[in-house]
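Reproduced below: model-v3.tsv, with TSV, C-alpha atoms and all ligand atoms.
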```tsv
chain	number	residue	atom	x	y	z
P	122	GLY	CA	0.00	0.00	0.00
P	123	ARG	CA	0.88	3.68	0.16
P	124	VAL	CA	2.47	4.69	3.43
P	125	ASP	CA	2.90	8.28	4.64
P	126	LEU	CA	6.32	8.13	6.26
P	127	ALA	CA	5.78	11.24	8.39
P	128	ARG	CA	2.58	9.84	9.80
P	129	ALA	CA	4.24	6.50	10.56
P	130	ALA	CA	7.08	8.33	12.33
P	131	SER	CA	4.67	10.45	14.30
P	132	ASP	CA	2.86	7.31	15.47
P	133	VAL	CA	6.18	5.95	16.72
P	134	VAL	CA	6.91	9.18	18.60
P	135	ASP	CA	3.51	8.87	20.29
P	136	ALA	CA	4.10	5.22	21.10
P	137	VAL	CA	7.43	5.89	22.85
P	138	SER	CA	6.42	9.08	24.64
P	139	VAL	CA	6.12	7.41	28.04
P	140	ILE	CA	9.44	5.58	27.70
P	141	SER	CA	11.27	8.69	26.53
P	142	ARG	CA	9.88	10.73	29.41
P	143	GLU	CA	10.88	8.04	31.90
P	144	ARG	CA	14.38	7.99	30.48
P	145	GLY	CA	14.60	11.78	30.45
P	146	VAL	CA	15.32	11.84	26.72
P	147	THR	CA	13.73	14.40	24.44
P	148	ILE	CA	12.71	13.43	20.92
P	149	ARG	CA	12.96	16.23	18.39
P	150	ALA	CA	10.98	15.29	15.34
P	151	ASN	CA	11.29	17.13	12.06
P	152	LEU	CA	8.76	15.38	9.87
P	153	GLY	CA	9.15	17.58	6.82
P	154	GLN	CA	6.58	19.14	4.56
P	155	GLY	CA	4.71	15.96	3.80
P	156	GLY	CA	4.61	14.18	0.50
P	157	ALA	CA	6.97	11.43	1.62
P	158	THR	CA	4.65	8.65	0.54
P	159	VAL	CA	6.36	5.32	0.00
P	160	THR	CA	5.19	1.96	-1.24
P	161	GLY	CA	5.12	-0.79	1.34
P	162	ASP	CA	3.64	-2.42	4.38
P	163	ARG	CA	2.68	0.13	6.99
P	164	ASP	CA	3.20	-2.12	10.04
P	165	GLU	CA	6.62	-3.17	8.82
P	166	ILE	CA	7.72	0.40	8.13
P	167	VAL	CA	6.53	1.43	11.60
P	168	GLN	CA	8.57	-1.48	12.98
P	169	VAL	CA	11.72	-0.15	11.26
P	170	ILE	CA	11.27	3.32	12.72
P	171	GLN	CA	10.32	1.89	16.11
P	172	ASN	CA	13.46	-0.26	16.30
P	173	LEU	CA	15.76	2.63	15.36
P	174	VAL	CA	14.09	4.96	17.85
P	175	ASP	CA	14.15	2.27	20.57
P	176	ASN	CA	17.89	1.91	20.13
P	177	ALA	CA	18.47	5.66	20.11
P	178	LEU	CA	16.52	6.03	23.36
P	179	LYS	CA	18.23	3.03	24.92
P	180	TYR	CA	21.72	4.39	24.20
P	181	SER	CA	21.01	8.00	25.17
P	182	SER	CA	21.68	9.19	28.68
P	183	SER	CA	19.21	11.16	30.74
P	184	GLY	CA	18.97	14.71	29.44
P	185	GLY	CA	19.87	13.55	25.96
P	186	VAL	CA	18.19	14.40	22.69
P	187	VAL	CA	17.17	12.08	19.87
P	188	GLU	CA	16.54	13.66	16.49
P	189	LEU	CA	14.11	12.03	14.10
P	190	SER	CA	13.70	13.44	10.63
P	191	ILE	CA	12.02	12.64	7.35
P	192	ASP	CA	13.44	13.91	4.09
P	193	ARG	CA	12.61	13.35	0.48
P	194	GLY	CA	15.94	12.56	-1.11
P	195	ARG	CA	15.99	13.13	-4.82
P	196	THR	CA	18.36	10.30	-5.57
P	197	LEU	CA	19.68	7.31	-3.70
P	198	ASP	CA	22.95	9.09	-2.99
P	199	GLU	CA	21.18	12.10	-1.54
P	200	ALA	CA	18.87	9.92	0.50
P	201	MET	CA	21.81	8.04	1.98
P	202	ALA	CA	24.10	11.07	2.30
P	203	ALA	CA	26.62	11.03	5.11
P	204	ARG	CA	25.85	13.19	8.09
P	205	MET	CA	29.11	12.82	10.01
P	206	PRO	CA	32.72	13.51	9.04
P	207	GLU	CA	34.35	11.26	6.47
P	208	GLY	CA	35.00	7.67	7.42
P	209	THR	CA	32.24	7.14	9.95
P	210	ARG	CA	29.56	5.94	7.59
P	211	LEU	CA	28.77	2.47	6.41
P	212	SER	CA	26.04	1.26	4.12
P	213	LEU	CA	24.44	-1.80	5.71
P	214	GLU	CA	22.07	-2.41	2.84
P	215	THR	CA	22.13	-0.79	-0.57
P	216	PRO	CA	19.22	-1.23	-2.96
P	217	ASP	CA	19.74	-2.09	-6.60
P	218	ARG	CA	20.02	1.14	-8.45
P	219	GLU	CA	16.90	1.57	-10.49
P	220	ALA	CA	17.15	4.41	-12.93
P	221	GLY	CA	15.13	7.43	-11.90
P	222	LEU	CA	13.88	5.96	-8.63
P	223	LYS	CA	13.53	8.52	-5.86
P	224	TYR	CA	13.64	7.86	-2.15
P	225	ALA	CA	12.38	9.14	1.16
P	226	VAL	CA	14.61	8.74	4.17
P	227	VAL	CA	14.02	8.40	7.89
P	228	THR	CA	17.01	9.51	9.96
P	229	VAL	CA	17.40	8.78	13.66
P	230	ARG	CA	20.30	10.43	15.45
P	231	ASP	CA	21.40	10.04	19.03
P	232	HIS	CA	24.26	11.47	21.07
P	233	GLY	CA	25.02	8.35	23.05
P	234	PRO	CA	28.26	6.33	23.24
P	235	GLY	CA	28.39	5.44	19.57
P	236	MET	CA	30.31	2.43	18.32
P	237	ALA	CA	33.81	1.68	17.10
P	238	ARG	CA	34.11	1.19	13.35
P	239	GLU	CA	34.81	-2.54	13.62
P	240	HIS	CA	31.30	-3.20	14.94
P	241	LEU	CA	29.38	-1.43	12.19
P	242	PRO	CA	29.42	-4.18	9.53
P	243	ARG	CA	28.02	-6.70	12.02
P	244	LEU	CA	25.15	-4.70	13.49
P	245	THR	CA	22.46	-6.36	11.39
P	246	GLU	CA	23.59	-9.90	12.24
P	247	ARG	CA	21.13	-11.76	14.42
P	248	PHE	CA	22.03	-11.63	18.11
P	249	TYR	CA	25.02	-9.33	17.53
P	250	ARG	CA	25.51	-6.90	20.38
P	251	VAL	CA	28.45	-4.59	20.97
P	252	GLU	CA	30.51	-5.65	23.97
P	253	GLY	CA	31.54	-3.21	26.63
P	254	GLN	CA	28.66	-0.77	26.30
P	255	LYS	CA	27.39	-0.16	29.83
P	256	SER	CA	24.84	-2.91	30.21
P	257	GLY	CA	22.31	-2.80	33.01
P	258	GLU	CA	19.20	-1.23	31.60
P	259	ARG	CA	20.52	-1.53	28.05
P	260	GLN	CA	19.24	-4.98	27.49
P	261	GLY	CA	18.10	-6.59	24.33
P	262	THR	CA	18.32	-9.71	22.25
P	263	GLY	CA	20.26	-8.28	19.32
P	264	LEU	CA	17.46	-8.92	16.86
P	265	GLY	CA	16.14	-5.41	16.26
P	266	LEU	CA	18.53	-4.41	13.47
P	267	ALA	CA	18.39	-7.86	11.85
P	268	ILE	CA	14.63	-7.41	11.53
P	269	VAL	CA	15.13	-3.86	10.24
P	270	ARG	CA	17.44	-5.16	7.52
P	271	HIS	CA	14.97	-7.82	6.37
P	272	ILE	CA	12.15	-5.31	6.13
P	273	ILE	CA	14.40	-2.89	4.25
P	274	ILE	CA	15.34	-5.59	1.74
P	275	ARG	CA	11.70	-6.53	1.18
P	276	HIS	CA	10.97	-2.87	0.43
P	277	ARG	CA	13.96	-2.45	-1.89
P	278	GLY	CA	15.19	0.24	0.46
P	279	GLY	CA	18.53	1.12	2.00
P	280	LEU	CA	20.06	1.30	5.46
P	281	SER	CA	23.16	3.13	6.59
P	282	VAL	CA	24.86	3.91	9.86
P	283	ASP	CA	27.23	6.73	10.81
P	284	SER	CA	28.99	6.27	14.09
P	285	ALA	CA	32.27	6.51	15.91
P	286	LEU	CA	33.16	5.92	19.53
P	287	GLY	CA	31.93	8.82	21.63
P	288	GLN	CA	30.18	10.44	18.65
P	289	GLY	CA	26.67	9.06	18.92
P	290	ALA	CA	25.02	7.31	16.02
P	291	ILE	CA	22.95	8.14	12.98
P	292	PHE	CA	20.87	5.46	11.34
P	293	ALA	CA	19.20	6.25	8.01
P	294	ALA	CA	16.59	4.03	6.38
P	295	CYS	CA	15.35	4.87	2.92
P	296	PHE	CA	12.35	3.64	0.96
P	297	PRO	CA	11.40	4.21	-2.68
P	298	LEU	CA	8.80	6.97	-3.06
P	299	ALA	CA	5.44	5.77	-4.29
P	300	PRO	CA	4.66	6.84	-7.86
P	301	ALA	CA	2.53	9.95	-8.04
P	302	ARG	CA	-1.13	9.11	-8.10
P	303	GLU	CA	-2.74	9.65	-11.45
P	304	LEU	CA	-5.24	12.43	-11.21
P	305	ASP	CA	-8.63	11.10	-12.11
P	306	PRO	CA	-11.25	13.83	-11.85
P	307	SER	CA	-14.04	11.38	-12.60
P	308	GLY	CA	-13.05	9.46	-9.48
P	309	GLY	CA	-13.26	6.37	-11.64
P	310	ALA	CA	-11.14	3.31	-10.98
P	311	GLY	CA	-10.08	2.54	-7.44
P	312	SER	CA	-9.79	5.05	-4.65
M	401	LIG	P1	16.70	-5.80	20.52
M	401	LIG	O1	16.58	-4.70	19.49
M	401	LIG	O2	16.49	-7.15	19.95
M	401	LIG	O3	15.91	-5.51	21.74
M	401	LIG	P2	19.38	-4.80	20.70
M	401	LIG	O4	18.86	-3.40	20.75
M	401	LIG	O5	20.56	-5.13	21.54
M	401	LIG	O6	18.21	-5.84	21.05
M	401	LIG	P3	19.81	-4.36	17.87
M	401	LIG	O7	18.73	-3.33	17.87
M	401	LIG	O8	19.85	-5.33	16.75
M	401	LIG	O9	19.76	-5.22	19.21
M	401	LIG	O10	21.22	-3.64	17.96
M	401	LIG	C1	22.40	-4.44	17.94
M	401	LIG	C2	23.49	-3.79	18.78
M	401	LIG	O11	23.95	-2.61	18.10
M	401	LIG	C3	23.05	-3.30	20.13
M	401	LIG	O12	23.10	-4.32	21.10
M	401	LIG	C4	24.09	-2.23	20.42
M	401	LIG	O13	25.28	-2.83	20.88
M	401	LIG	C5	24.35	-1.65	19.05
M	401	LIG	N1	23.55	-0.43	18.80
M	401	LIG	C6	22.41	-0.35	18.09
M	401	LIG	N2	21.96	0.92	18.04
M	401	LIG	C7	22.85	1.66	18.75
M	401	LIG	C8	22.95	3.05	19.06
M	401	LIG	N3	22.02	3.92	18.64
M	401	LIG	N4	24.02	3.47	19.78
M	401	LIG	C9	24.97	2.58	20.19
M	401	LIG	N5	24.92	1.25	19.93
M	401	LIG	C10	23.88	0.80	19.22
M	402	MG	MG	17.35	-2.80	19.39
```

For this file, produce the structure as structure tokens.
Amino acid sequence: GRVDLARAASDVVDAVSVISRERGVTIRANLGQGGATVTGDRDEIVQVIQNLVDNALKYSSSGGVVELSIDRGRTLDEAMAARMPEGTRLSLETPDREAGLKYAVVTVRDHGPGMAREHLPRLTERFYRVEGQKSGERQGTGLGLAIVRHIIIRHRGGLSVDSALGQGAIFAACFPLAPARELDPSGGAGS
């Protein structure tokens, strides 16, 4: 179906509002001007955003800020553009380049501990968790990003991470924009 990415993201922000308040983390959402309609399964796309936001909240300390934004990239390269200095970014999943395809991107940034470069290629492996991050409340099974990757692949989307130790993390997931709806003033076929 057609999924409004900004609306999906806003649902996630609502869903985590209690958790973020409890953790003392502020979510700053910049959901854009609208028009980021992608083709896909709404529940699965919500799950992608939810997993990325969950991680960002989990690895932020109290008083921290998580930034969530939606952009309409014109091309794949723009959609997946690096946000941190050179050398911190890794593409975890790159879609086949289809000529002329345009993308919308969800970016989730936190200012937590970040990760050393060596961990980045393994983040989407099932059960992979980075050692040595203060554990305690930061528990999990290591499945979240593996699920994210599978959903991204099914949607012919992309996933990238920017991170370095002490620099926080930026995860970007992109999805192909849905084709513009044909204007049908008669309101004829379909809805
Ligand atoms: P689950 O999502 O299944 O509850 P999890 O959060 O540990 O468990 P993933 O979401 O797959 O698993 O993430 C894998 C690992 O990547 C995490 O355990 C953590 O070490 C690291 N990681 C993921 N996101 C971040 C982040 N924003 N900042 C720092 N480390 C992260
Ligand atoms: Mg997780």

Could you give me, as a Markdown table, every chain P residue with an atom at most 7 Å from ligand MG 402 (chain M), plus its closest atom pair and distance in Å to one decimal, counting all atoms listed in the file, rows ordered by chain then number?
```
| residue | atom | partner | partner_atom | distance |
| --- | --- | --- | --- | --- |
| P:Asn172 | CA | M:MG402 | MG | 5.6 |
| P:Leu173 | CA | M:MG402 | MG | 6.9 |
| P:Asp175 | CA | M:MG402 | MG | 6.1 |
| P:Asn176 | CA | M:MG402 | MG | 4.8 |
| P:Gly261 | CA | M:MG402 | MG | 6.3 |
| P:Gly263 | CA | M:MG402 | MG | 6.2 |
| P:Leu264 | CA | M:MG402 | MG | 6.6 |
| P:Gly265 | CA | M:MG402 | MG | 4.3 |
| P:Leu266 | CA | M:MG402 | MG | 6.2 |
```

Atoms kept (C-alpha atoms) for selection, written as a JSON list (two decimals), keeping the file's coordinate frame:
```json
[["chain", "number", "residue", "atom", "x", "y", "z"],
["P", 172, "ASN", "CA", 13.46, -0.26, 16.30],
["P", 173, "LEU", "CA", 15.76, 2.63, 15.36],
["P", 175, "ASP", "CA", 14.15, 2.27, 20.57],
["P", 176, "ASN", "CA", 17.89, 1.91, 20.13],
["P", 261, "GLY", "CA", 18.10, -6.59, 24.33],
["P", 263, "GLY", "CA", 20.26, -8.28, 19.32],
["P", 264, "LEU", "CA", 17.46, -8.92, 16.86],
["P", 265, "GLY", "CA", 16.14, -5.41, 16.26],
["P", 266, "LEU", "CA", 18.53, -4.41, 13.47]]
```

- Using all atoms listed in the file, which of P:Arg218, P:His276, P:Ser181, P:Arg128 sits nearest P:Arg144? P:Ser181

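Closest approach to P:Gln260 from the set P:Val227, P:Gly153, P:Phe248, P:Ser190 is made by P:Phe248, with distances taken over only C-alpha atoms.
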
- Message: What residues of the protein or nucleic acid chains come within 10 Å of ligand LIG 401 (chain M) when you use all atoms listed in the file? Reply as a count of residues only.
- Response: 60

Quick one: everything within 6 Å of stretch 294-303 of chain P, counting all atoms listed in the file, minus sequence neighbours fewer than 4 positions away in the same chain. Send it as a PDB file with C-alpha atoms, keeping the file's coordinate frame.
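Heads up, here's the output in result.pdb:
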```pdb
ATOM      1  CA  THR P 158       4.650   8.650   0.540  1.00  0.00           C
ATOM      2  CA  VAL P 159       6.360   5.320   0.000  1.00  0.00           C
ATOM      3  CA  THR P 160       5.190   1.960  -1.240  1.00  0.00           C
ATOM      4  CA  LYS P 223      13.530   8.520  -5.860  1.00  0.00           C
ATOM      5  CA  TYR P 224      13.640   7.860  -2.150  1.00  0.00           C
ATOM      6  CA  ALA P 225      12.380   9.140   1.160  1.00  0.00           C
ATOM      7  CA  VAL P 226      14.610   8.740   4.170  1.00  0.00           C
ATOM      8  CA  VAL P 227      14.020   8.400   7.890  1.00  0.00           C
ATOM      9  CA  GLY P 278      15.190   0.240   0.460  1.00  0.00           C
ATOM     10  CA  GLY P 279      18.530   1.120   2.000  1.00  0.00           C
ATOM     11  CA  LEU P 280      20.060   1.300   5.460  1.00  0.00           C
TER      12      LEU P 280
END
```

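Going from atom CA of P:Val124 to atom CA of P:Asp164 covers 9.5 Å.
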
- Measuring atom to atom with all atoms listed in the file, identify which of P:Pro216, P:Leu222, P:Thr209, P:Ala129 is nearest to P:Arg195. P:Leu222

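Across the model, the gap from atom CA of P:Ile273 to atom CA of P:Ala157 is 16.3 Å.
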
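Rounded to one decimal, atom CA of P:Arg149 and atom CA of P:Leu126 lie 16.0 Å from each other.
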
- Note on the structure: Residue with the minimum atom-to-atom distance to P:Asp162, picked from P:Gly194, P:Gly122, P:Gly145, P:Gly184 with only C-alpha atoms counted, is P:Gly122

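Of the listed residues (P:Ala127, P:Val139, P:Leu211, P:Val169), P:Ala127 comes nearest to P:Arg193; the distances count only C-alpha atoms.
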
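Closest approach to P:Asn151 from the set P:Ala136, P:Ser183, P:Val167, P:Ser131 is made by P:Ser131, with distances taken over only C-alpha atoms.
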
- Message: Using only C-alpha atoms, which protein or nucleic acid residues come within 10 Å of P:Ala202? Drop anything in the same chain fewer than 5 positions from it, and give the result as a list in words.
- Response: Gly194, Thr196, Leu197, Arg210, Val226, Ser281 and Ala293 of chain P

I'd like the box whose edges run along x, y and z of the file and which contains every listed atom of stretch 274-293 of chain P, padded by 8 Å per side; could you state its centre and edge lengths in Å, one decimal, as JSON?
```
{"center_x": 22.1, "center_y": 2.0, "center_z": 9.9, "size_x": 38.2, "size_y": 33.0, "size_z": 39.5}
```

Please produce stretch 163-192 of chain P, completed to N, CA and C atoms, as a tab-separated table (two decimals), keeping the file's coordinate frame.
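The new file result.tsv reads:
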```
chain	number	residue	atom	x	y	z
P	163	ARG	N	2.64	-0.89	5.96
P	163	ARG	CA	2.68	0.13	6.99
P	163	ARG	C	3.22	-0.40	8.32
P	164	ASP	N	2.76	-1.57	8.75
P	164	ASP	CA	3.20	-2.12	10.04
P	164	ASP	C	4.70	-2.38	10.03
P	165	GLU	N	5.20	-2.87	8.90
P	165	GLU	CA	6.62	-3.17	8.82
P	165	GLU	C	7.46	-1.88	8.84
P	166	ILE	N	6.98	-0.86	8.15
P	166	ILE	CA	7.72	0.40	8.13
P	166	ILE	C	7.72	1.04	9.52
P	167	VAL	N	6.59	0.95	10.21
P	167	VAL	CA	6.53	1.43	11.60
P	167	VAL	C	7.54	0.66	12.45
P	168	GLN	N	7.64	-0.64	12.20
P	168	GLN	CA	8.57	-1.48	12.98
P	168	GLN	C	10.03	-1.03	12.76
P	169	VAL	N	10.37	-0.66	11.54
P	169	VAL	CA	11.72	-0.15	11.26
P	169	VAL	C	11.99	1.10	12.09
P	170	ILE	N	11.07	2.06	12.01
P	170	ILE	CA	11.27	3.32	12.72
P	170	ILE	C	11.31	3.07	14.23
P	171	GLN	N	10.40	2.21	14.68
P	171	GLN	CA	10.32	1.89	16.11
P	171	GLN	C	11.64	1.29	16.62
P	172	ASN	N	12.21	0.37	15.87
P	172	ASN	CA	13.46	-0.26	16.30
P	172	ASN	C	14.60	0.75	16.36
P	173	LEU	N	14.68	1.63	15.37
P	173	LEU	CA	15.76	2.63	15.36
P	173	LEU	C	15.59	3.61	16.51
P	174	VAL	N	14.34	4.02	16.76
P	174	VAL	CA	14.09	4.96	17.85
P	174	VAL	C	14.32	4.29	19.20
P	175	ASP	N	13.89	3.04	19.33
P	175	ASP	CA	14.15	2.27	20.57
P	175	ASP	C	15.64	2.27	20.90
P	176	ASN	N	16.45	1.94	19.90
P	176	ASN	CA	17.89	1.91	20.13
P	176	ASN	C	18.41	3.28	20.54
P	177	ALA	N	17.99	4.30	19.83
P	177	ALA	CA	18.47	5.66	20.11
P	177	ALA	C	18.13	6.06	21.55
P	178	LEU	N	16.93	5.71	21.98
P	178	LEU	CA	16.52	6.03	23.36
P	178	LEU	C	17.34	5.22	24.36
P	179	LYS	N	17.53	3.94	24.02
P	179	LYS	CA	18.23	3.03	24.92
P	179	LYS	C	19.67	3.48	25.14
P	180	TYR	N	20.31	4.02	24.10
P	180	TYR	CA	21.72	4.39	24.20
P	180	TYR	C	21.94	5.87	24.49
P	181	SER	N	20.85	6.61	24.77
P	181	SER	CA	21.01	8.00	25.17
P	181	SER	C	21.05	8.06	26.69
P	182	SER	N	21.76	9.05	27.23
P	182	SER	CA	21.68	9.19	28.68
P	182	SER	C	20.62	10.23	29.02
P	183	SER	N	20.25	10.25	30.29
P	183	SER	CA	19.21	11.16	30.74
P	183	SER	C	19.62	12.59	30.39
P	184	GLY	N	18.67	13.35	29.88
P	184	GLY	CA	18.97	14.71	29.44
P	184	GLY	C	19.34	14.77	27.98
P	185	GLY	N	19.46	13.61	27.36
P	185	GLY	CA	19.87	13.55	25.96
P	185	GLY	C	18.75	13.90	24.99
P	186	VAL	N	19.13	14.06	23.75
P	186	VAL	CA	18.19	14.40	22.69
P	186	VAL	C	18.33	13.41	21.55
P	187	VAL	N	17.20	12.94	21.05
P	187	VAL	CA	17.17	12.08	19.87
P	187	VAL	C	16.49	12.87	18.76
P	188	GLU	N	17.13	12.92	17.61
P	188	GLU	CA	16.54	13.66	16.49
P	188	GLU	C	16.01	12.68	15.45
P	189	LEU	N	14.77	12.89	15.09
P	189	LEU	CA	14.11	12.03	14.10
P	189	LEU	C	13.70	12.92	12.95
P	190	SER	N	14.14	12.59	11.74
P	190	SER	CA	13.70	13.44	10.63
P	190	SER	C	13.33	12.64	9.40
P	191	ILE	N	12.47	13.23	8.61
P	191	ILE	CA	12.02	12.64	7.35
P	191	ILE	C	12.41	13.60	6.24
P	192	ASP	N	13.08	13.09	5.24
P	192	ASP	CA	13.44	13.91	4.09
P	192	ASP	C	13.07	13.18	2.82
```
